[in-house]
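Chemist: Sending over run_33.csv (CSV, N, CA and C atoms).
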```
chain,number,residue,atom,x,y,z
W,1,MET,N,86.5,79.6,70.9
W,1,MET,CA,87.3,80.4,71.9
W,1,MET,C,88.7,79.9,71.9
W,2,THR,N,89.6,80.9,71.8
W,2,THR,CA,91.0,80.5,71.7
W,2,THR,C,91.6,80.6,73.1
W,3,ASP,N,92.5,79.6,73.4
W,3,ASP,CA,93.2,79.6,74.7
W,3,ASP,C,94.5,80.4,74.5
W,4,THR,N,94.5,81.6,75.1
W,4,THR,CA,95.8,82.4,75.0
W,4,THR,C,96.4,82.4,76.4
W,5,LYS,N,97.7,82.3,76.3
W,5,LYS,CA,98.5,82.4,77.6
W,5,LYS,C,99.3,83.7,77.6
W,6,THR,N,99.2,84.3,78.7
W,6,THR,CA,99.9,85.6,78.8
W,6,THR,C,101.4,85.3,79.2
W,7,LYS,N,102.3,85.8,78.5
W,7,LYS,CA,103.7,85.7,78.9
W,7,LYS,C,104.1,86.8,79.8
W,8,THR,N,104.7,86.5,80.8
W,8,THR,CA,105.2,87.6,81.7
W,8,THR,C,106.8,87.5,81.7
W,9,ARG,N,107.4,88.7,81.7
W,9,ARG,CA,108.8,88.7,81.8
W,9,ARG,C,109.2,89.5,83.0
W,10,GLU,N,110.4,89.1,83.5
W,10,GLU,CA,110.9,89.8,84.7
W,10,GLU,C,111.4,91.2,84.3
W,11,ILE,N,111.0,92.2,85.0
W,11,ILE,CA,111.5,93.5,84.7
W,11,ILE,C,112.9,93.7,85.3
W,12,PRO,N,113.9,94.1,84.6
W,12,PRO,CA,115.2,94.2,85.2
W,12,PRO,C,115.2,95.4,86.2
W,13,ALA,N,116.1,95.3,87.2
W,13,ALA,CA,116.2,96.4,88.1
W,13,ALA,C,116.7,97.7,87.4
W,14,ALA,N,116.4,98.8,88.0
W,14,ALA,CA,116.8,100.1,87.4
W,14,ALA,C,118.3,100.3,87.5
W,15,ILE,N,118.9,99.6,88.5
W,15,ILE,CA,120.3,99.8,88.8
W,15,ILE,C,120.9,98.4,89.0
W,16,ILE,N,122.1,98.3,88.6
W,16,ILE,CA,122.9,97.0,88.7
W,16,ILE,C,123.8,97.2,89.9
W,17,LEU,N,123.8,96.2,90.8
W,17,LEU,CA,124.7,96.2,92.0
W,17,LEU,C,125.8,95.2,91.8
W,18,THR,N,127.0,95.7,91.9
W,18,THR,CA,128.1,94.7,91.8
W,18,THR,C,128.2,93.9,93.0
W,19,PRO,N,129.0,92.8,93.0
W,19,PRO,CA,129.2,92.0,94.2
W,19,PRO,C,129.7,92.8,95.4
W,20,GLY,N,130.6,93.8,95.1
W,20,GLY,CA,131.2,94.7,96.1
W,20,GLY,C,130.1,95.5,96.7
W,21,ALA,N,129.2,96.1,95.9
W,21,ALA,CA,128.1,96.9,96.5
W,21,ALA,C,127.1,96.0,97.3
W,22,GLU,N,126.8,94.8,96.8
W,22,GLU,CA,126.0,93.9,97.6
W,22,GLU,C,126.6,93.6,99.0
W,23,GLN,N,127.9,93.3,99.0
W,23,GLN,CA,128.6,93.0,100.2
W,23,GLN,C,128.6,94.2,101.2
W,24,ARG,N,128.7,95.4,100.6
W,24,ARG,CA,128.7,96.6,101.5
W,24,ARG,C,127.3,96.8,102.1
W,25,ILE,N,126.3,96.5,101.3
W,25,ILE,CA,124.9,96.6,101.8
W,25,ILE,C,124.7,95.6,102.9
W,26,ALA,N,125.3,94.4,102.8
W,26,ALA,CA,125.2,93.4,103.9
W,26,ALA,C,126.0,93.9,105.1
W,27,ASP,N,127.1,94.5,104.9
W,27,ASP,CA,127.9,95.0,106.0
W,27,ASP,C,127.1,96.1,106.7
W,28,LEU,N,126.5,97.0,106.0
W,28,LEU,CA,125.7,98.1,106.6
W,28,LEU,C,124.5,97.5,107.3
W,29,MET,N,123.8,96.5,106.8
W,29,MET,CA,122.7,95.9,107.4
W,29,MET,C,123.0,95.2,108.7
W,30,ALA,N,124.3,94.6,108.7
W,30,ALA,CA,124.7,93.9,109.9
W,30,ALA,C,124.9,94.9,111.1
W,31,LYS,N,125.1,96.1,110.9
W,31,LYS,CA,125.2,97.1,112.0
W,31,LYS,C,124.2,98.2,111.9
W,32,ALA,N,123.1,97.9,111.3
W,32,ALA,CA,122.0,98.9,111.1
W,32,ALA,C,121.2,99.1,112.4
W,33,PRO,N,120.6,100.3,112.5
W,33,PRO,CA,119.7,100.6,113.6
W,33,PRO,C,118.6,99.5,113.6
W,34,ASP,N,118.0,99.3,114.8
W,34,ASP,CA,117.0,98.3,114.9
W,34,ASP,C,115.8,98.5,114.0
W,35,ASP,N,115.4,99.7,113.7
W,35,ASP,CA,114.2,100.0,112.9
W,35,ASP,C,114.5,100.0,111.4
W,36,ALA,N,115.8,99.8,111.0
W,36,ALA,CA,116.1,99.8,109.6
W,36,ALA,C,115.6,98.5,108.9
W,37,ILE,N,115.0,98.7,107.7
W,37,ILE,CA,114.5,97.6,106.9
W,37,ILE,C,115.4,97.4,105.7
W,38,GLY,N,116.3,98.4,105.4
W,38,GLY,CA,117.1,98.3,104.3
W,38,GLY,C,117.9,99.6,104.1
W,39,VAL,N,118.6,99.7,103.0
W,39,VAL,CA,119.3,101.0,102.6
W,39,VAL,C,118.7,101.5,101.3
W,40,LYS,N,118.7,102.8,101.2
W,40,LYS,CA,118.0,103.5,100.1
W,40,LYS,C,119.0,104.5,99.3
W,41,LEU,N,118.9,104.4,98.0
W,41,LEU,CA,119.7,105.3,97.2
W,41,LEU,C,118.7,106.4,96.7
W,42,SER,N,119.1,107.6,96.8
W,42,SER,CA,118.3,108.7,96.3
W,42,SER,C,119.3,109.7,95.7
W,43,THR,N,118.7,110.7,95.0
W,43,THR,CA,119.5,111.7,94.3
W,43,THR,C,119.0,113.1,94.7
W,44,PRO,N,119.3,113.6,95.9
W,44,PRO,CA,118.9,114.9,96.3
W,44,PRO,C,119.6,116.0,95.5
W,45,ARG,N,118.9,117.1,95.5
W,45,ARG,CA,119.5,118.3,94.8
W,45,ARG,C,120.6,118.9,95.7
W,46,ARG,N,121.8,118.9,95.3
W,46,ARG,CA,122.9,119.5,96.0
W,46,ARG,C,124.2,119.5,95.2
W,47,GLY,N,125.1,120.2,95.6
W,47,GLY,CA,126.4,120.2,94.8
W,47,GLY,C,126.4,121.2,93.7
W,48,CYS,N,127.5,121.4,93.1
W,48,CYS,CA,127.6,122.4,92.0
W,48,CYS,C,127.0,122.0,90.7
W,49,SER,N,126.7,120.6,90.5
W,49,SER,CA,126.1,120.2,89.3
W,49,SER,C,124.6,119.9,89.4
W,50,GLY,N,124.1,119.9,90.6
W,50,GLY,CA,122.6,119.8,90.7
W,50,GLY,C,122.1,118.6,91.5
W,51,LEU,N,122.6,117.4,91.2
W,51,LEU,CA,122.2,116.2,91.9
W,51,LEU,C,123.3,115.4,92.5
W,52,ALA,N,123.1,114.7,93.6
W,52,ALA,CA,124.1,114.0,94.3
W,52,ALA,C,123.6,112.6,94.6
W,53,TYR,N,124.4,111.6,94.8
W,53,TYR,CA,124.0,110.3,95.2
W,53,TYR,C,124.0,110.3,96.7
W,54,SER,N,123.0,109.7,97.3
W,54,SER,CA,122.9,109.6,98.8
W,54,SER,C,122.4,108.2,99.1
W,55,VAL,N,123.1,107.5,100.0
W,55,VAL,CA,122.7,106.2,100.5
W,55,VAL,C,122.5,106.3,102.0
W,56,ASP,N,121.3,105.9,102.4
W,56,ASP,CA,120.9,106.1,103.8
W,56,ASP,C,120.1,104.8,104.3
W,57,TYR,N,120.0,104.6,105.6
W,57,TYR,CA,119.1,103.6,106.1
W,57,TYR,C,117.7,104.1,105.9
W,58,VAL,N,116.8,103.1,105.8
W,58,VAL,CA,115.4,103.4,105.6
W,58,VAL,C,114.6,102.5,106.6
W,59,SER,N,113.6,103.1,107.2
W,59,SER,CA,112.8,102.4,108.2
W,59,SER,C,111.4,102.0,107.8
W,60,GLU,N,111.0,102.5,106.6
W,60,GLU,CA,109.7,102.1,106.1
W,60,GLU,C,109.7,102.1,104.6
W,61,GLU,N,108.9,101.2,104.0
W,61,GLU,CA,108.8,101.2,102.5
W,61,GLU,C,107.9,102.4,102.0
W,62,VAL,N,108.3,102.9,100.9
W,62,VAL,CA,107.5,104.0,100.2
W,62,VAL,C,107.0,103.3,99.0
W,63,PRO,N,105.7,103.5,98.7
W,63,PRO,CA,105.0,102.8,97.6
W,63,PRO,C,105.7,102.8,96.2
W,64,PHE,N,106.3,104.0,95.8
W,64,PHE,CA,106.9,104.0,94.5
W,64,PHE,C,108.4,103.8,94.4
W,65,ASP,N,109.0,103.5,95.5
W,65,ASP,CA,110.4,103.1,95.5
W,65,ASP,C,110.6,101.8,94.9
W,66,GLU,N,111.7,101.6,94.2
W,66,GLU,CA,112.0,100.3,93.6
W,66,GLU,C,112.7,99.5,94.7
W,67,LYS,N,112.3,98.2,94.8
W,67,LYS,CA,112.9,97.3,95.9
W,67,LYS,C,113.7,96.2,95.2
W,68,ILE,N,115.0,96.1,95.6
W,68,ILE,CA,115.9,95.1,95.1
W,68,ILE,C,116.3,94.3,96.3
W,69,ILE,N,116.1,93.0,96.2
W,69,ILE,CA,116.5,92.0,97.2
W,69,ILE,C,117.9,91.6,96.9
W,70,THR,N,118.8,91.8,97.9
W,70,THR,CA,120.2,91.3,97.7
W,70,THR,C,120.4,90.3,98.8
W,71,PRO,N,121.5,89.5,98.6
W,71,PRO,CA,121.8,88.5,99.6
W,71,PRO,C,122.0,89.0,101.1
W,72,GLY,N,122.4,90.3,101.2
W,72,GLY,CA,122.7,90.8,102.5
W,72,GLY,C,121.6,91.8,103.0
W,73,GLY,N,120.6,92.0,102.3
W,73,GLY,CA,119.5,92.9,102.7
W,73,GLY,C,118.8,93.6,101.6
W,74,VAL,N,117.8,94.4,101.9
W,74,VAL,CA,117.0,95.0,100.9
W,74,VAL,C,117.6,96.4,100.5
W,75,PHE,N,117.6,96.6,99.2
W,75,PHE,CA,118.1,97.9,98.7
W,75,PHE,C,117.0,98.6,98.0
W,76,TYR,N,116.7,99.8,98.3
W,76,TYR,CA,115.7,100.6,97.7
W,76,TYR,C,116.3,101.7,96.8
W,77,VAL,N,115.6,102.0,95.8
W,77,VAL,CA,115.9,103.2,94.9
W,77,VAL,C,114.7,104.1,95.0
W,78,ASP,N,115.0,105.3,95.4
W,78,ASP,CA,113.9,106.3,95.5
W,78,ASP,C,113.1,106.5,94.2
W,79,GLY,N,111.8,106.4,94.4
W,79,GLY,CA,111.0,106.5,93.2
W,79,GLY,C,111.1,107.7,92.4
W,80,GLY,N,111.4,108.8,93.0
W,80,GLY,CA,111.7,110.1,92.3
W,80,GLY,C,113.0,110.1,91.6
W,81,SER,N,113.9,109.2,92.0
W,81,SER,CA,115.3,109.2,91.4
W,81,SER,C,115.5,108.2,90.3
W,82,VAL,N,114.6,107.2,90.2
W,82,VAL,CA,114.7,106.1,89.3
W,82,VAL,C,115.1,106.6,87.8
W,83,LEU,N,114.4,107.6,87.3
W,83,LEU,CA,114.6,108.0,86.0
W,83,LEU,C,116.0,108.5,85.7
W,84,TYR,N,116.6,109.1,86.8
W,84,TYR,CA,118.0,109.5,86.7
W,84,TYR,C,119.0,108.4,86.7
W,85,LEU,N,118.6,107.2,87.2
W,85,LEU,CA,119.5,106.1,87.5
W,85,LEU,C,119.4,104.9,86.6
W,86,ILE,N,118.4,104.8,85.7
W,86,ILE,CA,118.1,103.6,84.9
W,86,ILE,C,119.4,103.3,84.1
W,87,GLY,N,119.8,102.0,84.2
W,87,GLY,CA,121.0,101.5,83.5
W,87,GLY,C,122.3,101.8,84.3
W,88,SER,N,122.2,102.3,85.5
W,88,SER,CA,123.4,102.6,86.2
W,88,SER,C,124.0,101.4,86.9
W,89,THR,N,125.3,101.4,87.2
W,89,THR,CA,125.9,100.4,88.0
W,89,THR,C,126.5,101.0,89.2
W,90,MET,N,126.2,100.4,90.3
W,90,MET,CA,126.7,100.8,91.6
W,90,MET,C,127.7,99.9,92.2
W,91,ASP,N,128.9,100.3,92.6
W,91,ASP,CA,130.0,99.5,93.1
W,91,ASP,C,130.5,100.1,94.4
W,92,TRP,N,131.1,99.3,95.2
W,92,TRP,CA,131.8,99.7,96.4
W,92,TRP,C,133.3,99.6,96.1
W,93,VAL,N,134.0,100.7,96.3
W,93,VAL,CA,135.5,100.7,96.0
W,93,VAL,C,136.2,101.2,97.2
W,94,GLU,N,137.3,100.4,97.5
W,94,GLU,CA,138.2,100.8,98.6
W,94,GLU,C,139.6,100.8,98.1
W,95,ASP,N,140.4,101.8,98.5
W,95,ASP,CA,141.8,101.8,98.3
W,95,ASP,C,142.5,102.3,99.5
W,96,ASP,N,143.8,102.6,99.4
W,96,ASP,CA,144.6,103.1,100.5
W,96,ASP,C,144.1,104.4,101.1
W,97,PHE,N,143.4,105.3,100.3
W,97,PHE,CA,143.0,106.6,100.7
W,97,PHE,C,141.6,106.9,100.8
W,98,THR,N,140.7,106.1,100.2
W,98,THR,CA,139.3,106.4,100.2
W,98,THR,C,138.5,105.1,100.1
W,99,ALA,N,137.2,105.2,100.5
W,99,ALA,CA,136.3,104.1,100.4
W,99,ALA,C,134.9,104.7,100.1
W,100,GLY,N,134.2,104.1,99.2
W,100,GLY,CA,132.8,104.7,98.9
W,100,GLY,C,132.1,104.0,97.8
W,101,PHE,N,130.9,104.3,97.6
W,101,PHE,CA,130.1,103.8,96.5
W,101,PHE,C,130.5,104.6,95.3
W,102,VAL,N,130.7,103.9,94.2
W,102,VAL,CA,131.0,104.6,92.9
W,102,VAL,C,129.9,104.2,91.9
W,103,PHE,N,129.5,105.2,91.1
W,103,PHE,CA,128.4,105.1,90.2
W,103,PHE,C,128.8,105.3,88.8
W,104,GLU,N,128.4,104.3,87.9
W,104,GLU,CA,128.6,104.5,86.5
W,104,GLU,C,127.2,104.7,86.0
W,105,ASN,N,126.9,106.0,85.6
W,105,ASN,CA,125.5,106.4,85.3
W,105,ASN,C,125.5,106.9,83.8
W,106,PRO,N,124.9,106.1,82.9
W,106,PRO,CA,124.8,106.5,81.5
W,106,PRO,C,123.9,107.8,81.3
W,107,ASN,N,123.1,108.1,82.3
W,107,ASN,CA,122.2,109.3,82.1
W,107,ASN,C,122.9,110.6,82.5
W,108,ALA,N,124.0,110.5,83.2
W,108,ALA,CA,124.7,111.7,83.7
W,108,ALA,C,125.4,112.4,82.5
W,109,LYS,N,125.1,113.7,82.3
W,109,LYS,CA,125.6,114.5,81.2
W,109,LYS,C,126.9,115.2,81.6
W,110,GLY,N,127.1,115.3,82.9
W,110,GLY,CA,128.2,116.0,83.4
W,110,GLY,C,128.3,115.8,84.9
W,111,ALA,N,129.5,116.1,85.4
W,111,ALA,CA,129.7,116.0,86.8
W,111,ALA,C,130.7,117.2,87.3
W,112,CYS,N,130.6,117.5,88.5
W,112,CYS,CA,131.5,118.5,89.0
W,112,CYS,C,132.9,118.0,89.1
W,113,GLY,N,133.9,118.8,89.3
W,113,GLY,CA,135.3,118.5,89.3
W,113,GLY,C,135.6,117.5,90.4
W,114,CYS,N,134.9,117.6,91.6
W,114,CYS,CA,135.3,116.8,92.7
W,114,CYS,C,134.5,115.5,92.7
W,115,GLY,N,133.5,115.3,91.8
W,115,GLY,CA,132.8,114.1,91.6
W,115,GLY,C,131.7,113.9,92.6
W,116,GLU,N,131.3,115.0,93.4
W,116,GLU,CA,130.3,114.9,94.4
W,116,GLU,C,128.9,115.0,93.8
W,117,SER,N,128.7,115.6,92.6
W,117,SER,CA,127.4,115.8,92.1
W,117,SER,C,127.4,115.6,90.6
W,118,PHE,N,126.2,115.5,90.0
W,118,PHE,CA,126.1,115.3,88.6
W,118,PHE,C,124.9,116.0,88.0
W,119,THR,N,124.8,116.0,86.7
W,119,THR,CA,123.7,116.6,86.0
W,119,THR,C,123.2,115.7,85.0
W,120,VAL,N,121.9,115.7,84.7
W,120,VAL,CA,121.3,114.9,83.7
W,120,VAL,C,120.7,115.7,82.6
```
Please express the file's structure as structure tokens.

Modeler:
Amino acid sequence: MTDTKTKTREIPAAIILTPGAEQRIADLMAKAPDDAIGVKLSTPRRGCSGLAYSVDYVSEEVPFDEKIITPGGVFYVDGGSVLYLIGSTMDWVEDDFTAGFVFENPNAKGACGCGESFTV
């Protein structure tokens, strides 16, 4: 009988969070409603290109959502949206005129002119 050892490898997260995004998650969780357990990224159908990015508080875990532990709180990726987001980078950007999450998504084949929605 042969002694075989199973190697396990860590599965990388579907989305990469920059330090700016992680800090923004921490800021959001610091002022979150009492029932919030984290924030969640989803891609609801809307806009002129079909899909949009949406980040909202979440109060319960959903079995197929991806869970990413960050220093400032738990970040979830909607299970139905993961395939549209694999390999993406999420950042938080602020300048004199605007502030918001910015996504670099290699799966996006196009976006609307205002940047509010994308298509895969």

Chemist: Using DSSP secondary structure from the backbone, list all strand (DSSP E) positions within segment 52-84 of chain W, as a list in words.

Modeler: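 Secondary structure check on segment 52-84 of chain W, strand (DSSP E): Ser54, Val55, Asp56, Tyr57, Val58, Glu66, Lys67, Ile68, Ile69, Thr70, Gly73, Val74, Phe75, Tyr76 and Val77 of chain W.
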
Chemist: Which is closer to Glu104 of chain W than all the others in W:Tyr53, W:Glu61, W:Glu22, W:Arg46, using only C-alpha atoms?

Modeler: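 Of W:Tyr53, W:Glu61, W:Glu22, W:Arg46, the one nearest Glu104 of chain W, counting only C-alpha atoms, is W:Tyr53.
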
Chemist: Centre and edge lengths of an axis-aligned box around all listed atoms of segment 29-39 of chain W, with 5 Å added on each side, are to be given in Å to one decimal, as JSON.

Modeler:
```
{"center_x": 119.7, "center_y": 97.7, "center_z": 108.1, "size_x": 21.0, "size_y": 17.6, "size_z": 23.6}
```

Chemist: Could you please determine the separation between atom CA of Pro44 of chain W and atom C of Ser59 of chain W in Å, to one decimal place?

Modeler: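 Calculated distance between atom CA of Pro44 of chain W and atom C of Ser59 of chain W is 18.8 Å.
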
Chemist: Kindly indicate which residue among W:Val62, W:Asp27, W:Pro106, W:Ser42 lies nearest to Ile86 of chain W, using all atoms listed in the file for the distances.

Modeler: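 Checking each of W:Val62, W:Asp27, W:Pro106, W:Ser42 against Ile86 of chain W, counting all atoms listed in the file, the winner is W:Pro106.
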
Chemist: Could you tell me how far atom CA of Ala108 of chain W sits from atom CA of Pro71 of chain W, in Å to one decimal place?

Modeler: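 Computing it gives 28.3 Å between the two atoms.
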
Chemist: To test your reading of the structure, identify every residue in segment 11-77 of chain W that backbone DSSP assigns to helix (DSSP H, G or I), and report it as a list in words.

Modeler: Pro19, Gly20, Ala21, Glu22, Gln23, Arg24, Ile25, Ala26, Asp27, Leu28, Met29 and Ala30 of chain W

Chemist: By how many Å are atom N of Pro12 of chain W and atom N of Val39 of chain W apart?

Modeler: 19.8 Å

Chemist: From the options W:Ala99, W:Val77, W:Ile15, W:Ile25, which residue's atoms come nearest to Lys40 of chain W, counting only N, CA and C atoms?

Modeler: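 So, comparing all the options, the nearest one is W:Val77.
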
Chemist: Residues within 8 Å of Ser88 of chain W, please, as an MDAnalysis selection string. Count all atoms listed in the file; anything in the same chain fewer than 2 positions from it doesn't count.

Modeler: chainID W and resid 13:17 84:86 90:91 103:107

Chemist: For Lys67 of chain W, list every protein, DNA or RNA residue within 6 Å, evaluated using all atoms listed in the file, and leave out those in the same chain fewer than 2 positions away; present the list as number ranges by chain.

Modeler: W: 65, 69, 75-77

Chemist: Take the point (104.8, 105.2, 92.7) as written in the file and pick out every residue within 10 Å of it, counting only C-alpha atoms; give the list as a VMD selection string.

Modeler: chain W and resid 62 to 66 78 to 80

Chemist: Pick out the residues sitting within 8 Å of Gly73 of chain W, and hand them over as number ranges by chain; count only C-alpha atoms, and ignore anything fewer than 5 positions along from it in its own chain.

Modeler: W: 25-26, 29, 38

Chemist: Any chance you could export the current selection's N, CA and C atoms as a PDB file, keeping the file's coordinate frame?

Modeler:
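The resulting out27.pdb:
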```pdb
ATOM      1  N   ILE W  25     126.300  96.500 101.300  1.00  0.00           N
ATOM      2  CA  ILE W  25     124.900  96.600 101.800  1.00  0.00           C
ATOM      3  C   ILE W  25     124.700  95.600 102.900  1.00  0.00           C
ATOM      4  N   ALA W  26     125.300  94.400 102.800  1.00  0.00           N
ATOM      5  CA  ALA W  26     125.200  93.400 103.900  1.00  0.00           C
ATOM      6  C   ALA W  26     126.000  93.900 105.100  1.00  0.00           C
ATOM      7  N   MET W  29     123.800  96.500 106.800  1.00  0.00           N
ATOM      8  CA  MET W  29     122.700  95.900 107.400  1.00  0.00           C
ATOM      9  C   MET W  29     123.000  95.200 108.700  1.00  0.00           C
ATOM     10  N   GLY W  38     116.300  98.400 105.400  1.00  0.00           N
ATOM     11  CA  GLY W  38     117.100  98.300 104.300  1.00  0.00           C
ATOM     12  C   GLY W  38     117.900  99.600 104.100  1.00  0.00           C
TER      13      GLY W  38
END
```
